[in-house]
Structures are given as structure tokens and as C-alpha cells.
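Here is coords_1.txt, consisting of compact mmCIF, C-alpha atoms:
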# COMPACT_ATOMS: atom_id res chain seq x y z
CA ALA I 1 110.84 99.75 119.38
CA GLN I 2 110.83 102.88 117.32
CA SER I 3 108.50 105.74 118.20
CA VAL I 4 107.99 109.42 117.60
CA ALA I 5 106.07 111.96 119.66
CA GLN I 6 104.66 115.33 118.74
CA PRO I 7 103.61 116.75 122.10
CA GLU I 8 101.46 119.58 120.75
CA ASP I 9 98.21 118.95 118.89
CA GLN I 10 98.15 122.58 117.75
CA VAL I 11 100.55 125.49 117.55
CA ASN I 12 99.29 129.05 117.07
CA VAL I 13 101.63 131.74 115.78
CA ALA I 14 101.23 135.29 114.54
CA GLU I 15 102.43 136.01 111.03
CA GLY I 16 106.01 137.23 111.01
CA ASN I 17 106.87 135.55 114.30
CA PRO I 18 109.20 132.55 114.55
CA LEU I 19 107.60 129.15 114.80
CA THR I 20 108.64 125.85 116.35
CA VAL I 21 106.90 122.50 115.99
CA LYS I 22 108.28 119.94 118.42
CA CYS I 23 109.23 116.32 117.79
CA THR I 24 111.00 113.74 119.94
CA TYR I 25 111.91 110.23 118.89
CA SER I 26 113.08 106.87 120.13
CA VAL I 27 115.15 104.38 118.12
CA SER I 28 117.68 101.79 119.21
CA GLY I 29 120.34 102.89 116.73
CA ASN I 30 120.97 106.01 114.69
CA PRO I 31 117.82 107.81 113.56
CA TYR I 32 116.67 108.76 110.13
CA LEU I 33 114.31 111.71 110.60
CA PHE I 34 111.79 113.46 108.39
CA TRP I 35 109.28 116.26 108.42
CA TYR I 36 106.25 116.23 106.15
CA VAL I 37 103.52 118.81 105.63
CA GLN I 38 99.90 118.17 104.69
CA TYR I 39 97.70 120.91 103.30
CA PRO I 40 93.90 120.46 103.36
CA ASN I 41 92.65 117.74 101.02
CA ARG I 42 96.19 116.87 99.91
CA GLY I 43 98.70 114.11 100.47
CA LEU I 44 101.78 114.49 102.66
CA GLN I 45 104.64 116.44 101.12
CA PHE I 46 108.30 116.04 102.02
CA LEU I 47 109.88 119.06 103.77
CA LEU I 48 113.29 117.91 104.93
CA LYS I 49 115.28 114.99 106.29
CA TYR I 50 118.25 114.23 108.51
CA ILE I 51 120.55 111.24 108.05
CA THR I 52 124.01 112.28 109.20
CA GLY I 53 126.16 115.38 109.12
CA ASP I 54 125.24 118.91 110.11
CA ASN I 55 122.69 118.95 112.91
CA LEU I 56 120.85 121.87 111.29
CA VAL I 57 118.97 120.75 108.22
CA LYS I 58 117.41 123.19 105.77
CA GLY I 59 114.36 122.23 103.75
CA SER I 60 111.58 123.53 101.54
CA TYR I 61 109.66 126.80 102.04
CA GLY I 62 112.25 128.25 104.43
CA PHE I 63 111.83 125.55 107.06
CA GLU I 64 114.72 124.06 109.00
CA ALA I 65 115.08 121.47 111.72
CA GLU I 66 117.71 120.87 114.34
CA PHE I 67 118.78 117.37 115.29
CA ASN I 68 119.66 117.10 118.98
CA LYS I 69 120.97 113.65 119.85
CA SER I 70 121.21 114.19 123.59
CA GLN I 71 117.60 115.34 123.79
CA THR I 72 116.43 112.92 121.06
CA SER I 73 114.63 115.79 119.39
CA PHE I 74 114.14 117.07 115.86
CA HIS I 75 112.16 120.29 116.16
CA LEU I 76 110.93 122.05 113.05
CA LYS I 77 111.55 125.79 112.88
CA LYS I 78 111.01 128.82 110.68
CA PRO I 79 112.27 132.33 111.47
CA SER I 80 109.21 134.15 110.16
CA ALA I 81 105.85 132.41 109.78
CA LEU I 82 103.48 132.99 106.87
CA VAL I 83 99.72 132.53 106.84
CA SER I 84 100.28 130.04 104.01
CA ASP I 85 102.32 127.86 106.39
CA SER I 86 99.08 126.89 108.13
CA ALA I 87 98.83 123.11 107.70
CA LEU I 88 99.29 119.78 109.46
CA TYR I 89 102.90 118.81 110.13
CA PHE I 90 104.15 115.27 110.67
CA CYS I 91 107.46 114.12 112.09
CA ALA I 92 108.66 110.61 111.15
CA VAL I 93 111.55 108.35 112.16
CA LYS I 94 113.16 105.06 111.33
CA GLU I 95 116.39 103.43 112.38
CA TYR I 96 119.08 104.19 109.81
CA GLY I 97 120.15 100.95 108.20
CA GLY I 98 117.66 98.99 110.25
CA SER I 99 115.69 96.07 108.94
CA GLN I 100 112.30 97.66 109.53
CA GLY I 101 111.30 99.21 106.27
CA ASN I 102 108.59 101.62 107.27
CA LEU I 103 108.72 105.11 108.68
CA ILE I 104 106.97 105.68 112.01
CA PHE I 105 104.86 108.84 111.89
CA GLY I 106 103.81 111.08 114.75
CA LYS I 107 100.19 112.05 115.25
CA GLY I 108 100.71 115.41 113.61
CA THR I 109 100.66 119.02 114.80
CA LYS I 110 98.26 121.54 113.36
CA LEU I 111 100.00 124.85 112.73
CA SER I 112 97.78 127.91 112.57
CA VAL I 113 99.36 131.20 111.50
CA LYS I 114 97.17 134.26 112.02
CA PRO I 115 97.61 137.53 110.12
CA ASP S 1 107.50 111.91 86.71
CA ALA S 2 103.78 112.09 87.52
CA GLY S 3 104.32 111.03 91.10
CA VAL S 4 102.26 108.44 92.95
CA ILE S 5 98.86 108.18 91.28
CA GLN S 6 95.78 107.10 93.18
CA SER S 7 92.29 106.49 91.89
CA PRO S 8 89.55 107.32 92.41
CA ARG S 9 89.99 110.64 94.26
CA HIS S 10 86.59 110.29 95.86
CA GLU S 11 84.41 107.23 96.40
CA VAL S 12 80.96 107.12 97.93
CA THR S 13 79.46 103.69 98.39
CA GLU S 14 76.74 101.97 100.33
CA MET S 15 77.43 99.74 103.29
CA GLY S 16 78.04 96.18 102.21
CA GLN S 17 79.43 97.04 98.80
CA GLU S 18 82.91 96.12 97.62
CA VAL S 19 85.37 98.99 97.25
CA THR S 20 88.65 98.86 95.34
CA LEU S 21 91.26 101.57 95.65
CA ARG S 22 94.12 101.76 93.17
CA CYS S 23 97.68 103.00 93.27
CA LYS S 24 100.44 103.42 90.73
CA PRO S 25 103.80 104.00 92.43
CA ILE S 26 106.68 105.98 90.99
CA SER S 27 108.62 103.97 88.45
CA GLY S 28 111.72 102.44 90.04
CA HIS S 29 110.37 102.63 93.58
CA ASN S 30 110.46 99.15 95.05
CA SER S 31 108.48 99.73 98.26
CA LEU S 32 104.80 100.65 98.46
CA PHE S 33 102.74 101.57 101.49
CA TRP S 34 99.02 101.91 102.17
CA TYR S 35 97.93 104.32 104.94
CA ARG S 36 94.56 105.31 106.34
CA GLN S 37 93.94 108.74 107.85
CA THR S 38 91.07 109.70 110.12
CA MET S 39 90.53 112.53 112.57
CA MET S 40 90.29 110.13 115.48
CA ARG S 41 93.21 107.81 114.75
CA GLY S 42 95.53 109.94 112.65
CA LEU S 43 97.76 108.28 110.05
CA GLU S 44 97.77 104.48 110.28
CA LEU S 45 99.98 102.12 108.27
CA LEU S 46 97.83 99.33 106.87
CA ILE S 47 100.31 97.28 104.84
CA TYR S 48 103.53 97.64 102.91
CA PHE S 49 105.22 95.78 100.08
CA ASN S 50 108.87 95.35 99.10
CA ASN S 51 109.45 94.21 95.51
CA ASN S 52 105.74 93.37 95.20
CA VAL S 53 105.81 91.08 98.26
CA PRO S 54 103.71 91.97 101.33
CA ILE S 55 106.09 92.48 104.25
CA ASP S 56 103.90 93.68 107.11
CA ASP S 57 100.10 93.58 107.07
CA SER S 58 99.65 93.85 110.82
CA GLY S 59 97.88 97.17 110.37
CA MET S 60 95.09 95.74 108.24
CA PRO S 61 92.09 96.13 110.52
CA GLU S 62 90.06 93.07 109.58
CA ASP S 63 89.71 90.27 107.07
CA ARG S 64 87.43 92.57 105.13
CA PHE S 65 90.57 94.38 103.99
CA SER S 66 92.94 92.90 101.44
CA ALA S 67 95.78 94.31 99.35
CA LYS S 68 97.62 93.06 96.31
CA MET S 69 100.55 94.14 94.24
CA PRO S 70 100.55 92.01 91.08
CA ASN S 71 103.44 93.94 89.53
CA ALA S 72 105.83 96.77 90.26
CA SER S 73 103.55 99.42 88.80
CA PHE S 74 100.19 98.66 90.39
CA SER S 75 98.59 97.93 93.74
CA THR S 76 95.03 97.62 94.98
CA LEU S 77 93.41 97.87 98.38
CA LYS S 78 90.04 96.15 98.58
CA ILE S 79 87.36 96.36 101.25
CA GLN S 80 84.62 93.75 101.10
CA PRO S 81 82.09 94.29 102.53
CA SER S 82 82.51 97.96 103.33
CA GLU S 83 81.19 99.52 106.55
CA PRO S 84 80.57 103.15 107.58
CA ARG S 85 83.54 103.03 109.98
CA ASP S 86 85.81 102.45 106.98
CA SER S 87 85.15 106.04 105.92
CA ALA S 88 88.56 107.73 105.78
CA VAL S 89 91.19 109.05 103.42
CA TYR S 90 93.41 106.26 102.11
CA PHE S 91 96.92 107.17 101.00
CA CYS S 92 99.40 105.23 98.96
CA ALA S 93 103.13 106.04 99.17
CA SER S 94 106.24 104.67 97.50
CA THR S 95 109.97 104.85 98.06
CA PRO S 96 113.07 103.65 96.20
CA GLY S 97 114.52 101.90 99.24
CA VAL S 98 114.50 101.44 102.99
CA ASN S 99 116.69 104.47 103.70
CA TYR S 100 114.78 106.96 101.60
CA GLY S 101 111.75 109.11 102.25
CA TYR S 102 108.29 108.47 100.89
CA THR S 103 106.35 110.11 98.11
CA PHE S 104 102.63 110.18 98.84
CA GLY S 105 99.73 110.14 96.45
CA SER S 106 96.86 112.61 96.75
CA GLY S 107 94.69 110.05 98.49
CA THR S 108 91.24 108.53 98.02
CA ARG S 109 88.48 109.93 100.20
CA LEU S 110 86.14 107.03 100.94
CA THR S 111 82.67 107.58 102.32
CA VAL S 112 80.56 104.57 103.20
CA VAL S 113 76.92 105.38 103.85
Can you dump the structure from the file as C-alpha cells?
Amino acid sequence: AQSVAQPEDQVNVAEGNPLTVKCTYSVSGNPYLFWYVQYPNRGLQFLLKYITGDNLVKGSYGFEAEFNKSQTSFHLKKPSALVSDSALYFCAVKEYGGSQGNLIFGKGTKLSVKP
Amino acid sequence: DAGVIQSPRHEVTEMGQEVTLRCKPISGHNSLFWYRQTMMRGLELLIYFNNNVPIDDSGMPEDRFSAKMPNASFSTLKIQPSEPRDSAVYFCASTPGVNYGYTFGSGTRLTVV
């Protein structure tokens, strides 16, 4: 069975500091991984994805994520946080090429960036 | 492209009334998903369609919930009768295929009083 875990309900960071939002996954084959962001009263917006290739994936708004197969992780990172990055972040996974059509989403991590 | 369009944005209804939520997916996307989001339960998949056919409705909470996709450009989620515990934000999402990401609509905030 496919699953994804976001171990932190909330991450607090000071503006200008680096941020990391953690995600681990479980799939039987090769993973297809995503990060989405949700701002208040909005739908989820795509940030970045990993299919194959370079383990470091760059996405929107200066975010990047590193795929680590041995640790089954796909942590979201940004070198310097902005107050405007404060939002809810979701990691999602599915088995690449698998028959199951839907992404499995984590419970979300609330990122709070203080000035 | 206008993206995934959901209507209404907000719905307030009385317990026992029928509620219909609407979704127009992105043209050319052949998969459509209905999600429900609450503080307590997070983001829950209710049902999804491939090529207008329901594939997995195991997330539909009760028989009071039903969803249809009569054509490639329209889907509805109906709750009849509605209950206060149905209060949530309902999202629709679409994708061009099984190995692509989703595009989400802005959601419908449902309040049942």
C-alpha cells in the first residue's frame, strides 16, 4: 500500500533562515512525488515534482526538494524563508506507472515564518 | 486556460436540505477528483473518475453523498440530506493522466446549520 507521512504538524522559522518541511513515503515500486502549497482560503497549488533523474528538484517560489531513495524521503527546502511562505504544505506520492490513479496526500505541515 | 472551476464558492444551507456542488475540469484532462478538507480529518479523497467513469468511490462517507460526471467537462457532488457534520471545504481537481500532477479548483466552503 502507498502512504506518505509528514511528521511535523507545524514548522516555525525566522525570516531569512533556511527551512525544511519533512516528508517520507512508502510505495512498492518507484515513487512519483509532489509538493503542494495551500494559502488560506485557496486551493492547493503545485510547487514541484520528482519522477526520475536528478535527486534535487527545483520548483516555484525558490523551493527545492531532495529525493533520497535509501531514506524514502522527499524533504522540501528553501535557503531563505519569507514571511509570505507561511502556508500549509502537502506532500503527495503515487507509484510511477502503477495502476492506482490517485495521489496519496500527507496530512499537511503548517509553516509559519516570523519576521 | 481558466483552470478548474468550482461553484458556488460558498454555500450555507439548513440541515436536511439538498446541496449540489459543481466542477468544470480543465479541457483535455481525463481524470477528475473530489476531495473534502476539514481541520480534524485533513484532505480526504471522496471519489475519482477516469474518462467520466467512477473508478473509486470508497471515500464517499455515506449514501447521502453521490457524484456524477455526465460528460468530460462537468461533474457534480450532491449531498442529500445534508447534515452539520458535512460542513467542510470541498475541492475538485483534474489531471491529464495517471502520471501527472493535479490542478485544484478554489473549493466550495459548505456550511450546514
Would you give me, as CSV, each residue of chain I having an atom within 10 Å of an atom of chain S, along with its shortest atom pair and that distance in Å to one decimal, using only C-alpha atoms and sorting by chain and residue number?
residue,atom,partner,partner_atom,distance
I:Tyr32,CA,S:Asn99,CA,7.7
I:Leu33,CA,S:Gly101,CA,9.1
I:Phe34,CA,S:Gly101,CA,7.5
I:Trp35,CA,S:Gly101,CA,9.8
I:Tyr36,CA,S:Tyr102,CA,9.6
I:Asn41,CA,S:Ser106,CA,7.9
I:Arg42,CA,S:Ser106,CA,5.3
I:Gly43,CA,S:Ser106,CA,4.4
I:Leu44,CA,S:Phe104,CA,5.8
I:Gln45,CA,S:Phe104,CA,7.0
I:Phe46,CA,S:Thr103,CA,7.4
I:Leu48,CA,S:Gly101,CA,9.3
I:Lys49,CA,S:Gly101,CA,8.0
I:Ile51,CA,S:Asn99,CA,8.9
I:Phe90,CA,S:Leu43,CA,9.5
I:Ala92,CA,S:Gly101,CA,9.5
I:Val93,CA,S:Gly101,CA,9.9
I:Lys94,CA,S:Asn99,CA,8.4
I:Glu95,CA,S:Asn99,CA,8.7
I:Tyr96,CA,S:Asn99,CA,6.6
I:Gly97,CA,S:Asn99,CA,6.7
I:Gly98,CA,S:Val98,CA,8.3
I:Ser99,CA,S:Val98,CA,8.1
I:Gln100,CA,S:Val98,CA,7.9
I:Gly101,CA,S:Val98,CA,5.1
I:Asn102,CA,S:Val98,CA,7.3
I:Leu103,CA,S:Gly101,CA,8.2
I:Ile104,CA,S:Leu45,CA,8.7
I:Phe105,CA,S:Leu43,CA,7.4
I:Gly106,CA,S:Leu43,CA,8.2
I:Lys107,CA,S:Gly42,CA,5.7
I:Gly108,CA,S:Gly42,CA,7.6
So which residues are close to (109.5, 102.3, 94.4), meaning at most 6 Å away in the file's coordinates with only C-alpha atoms counted, and can you show them as a PDB file with C-alpha atoms, in the coordinates of the input?
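Output (out_19.pdb):
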ATOM      1  CA  ILE S  26     106.680 105.980  90.990  1.00  0.00           C
ATOM      2  CA  GLY S  28     111.720 102.440  90.040  1.00  0.00           C
ATOM      3  CA  HIS S  29     110.370 102.630  93.580  1.00  0.00           C
ATOM      4  CA  ASN S  30     110.460  99.150  95.050  1.00  0.00           C
ATOM      5  CA  SER S  31     108.480  99.730  98.260  1.00  0.00           C
ATOM      6  CA  SER S  94     106.240 104.670  97.500  1.00  0.00           C
ATOM      7  CA  THR S  95     109.970 104.850  98.060  1.00  0.00           C
ATOM      8  CA  PRO S  96     113.070 103.650  96.200  1.00  0.00           C
TER       9      PRO S  96
END
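The interatomic distance for the pair CA of Thr111 (chain S) and CA of Ser87 (chain S) works out to 4.6 Å.
Across the model, the gap from CA of Val4 (chain I) to CA of Ser26 (chain I) is 6.2 Å.
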Report task. For CA of Gly3 (chain S) and CA of Leu46 (chain S), determine how far apart the two atoms are, in Å to one decimal place. Result -> 20.7 Å
Query - Test item: residues at most 12 Å from Gln71 (chain I), only C-alpha atoms, excluding those fewer than 6 positions along its chain, as number ranges by chain - result: I: 22-26
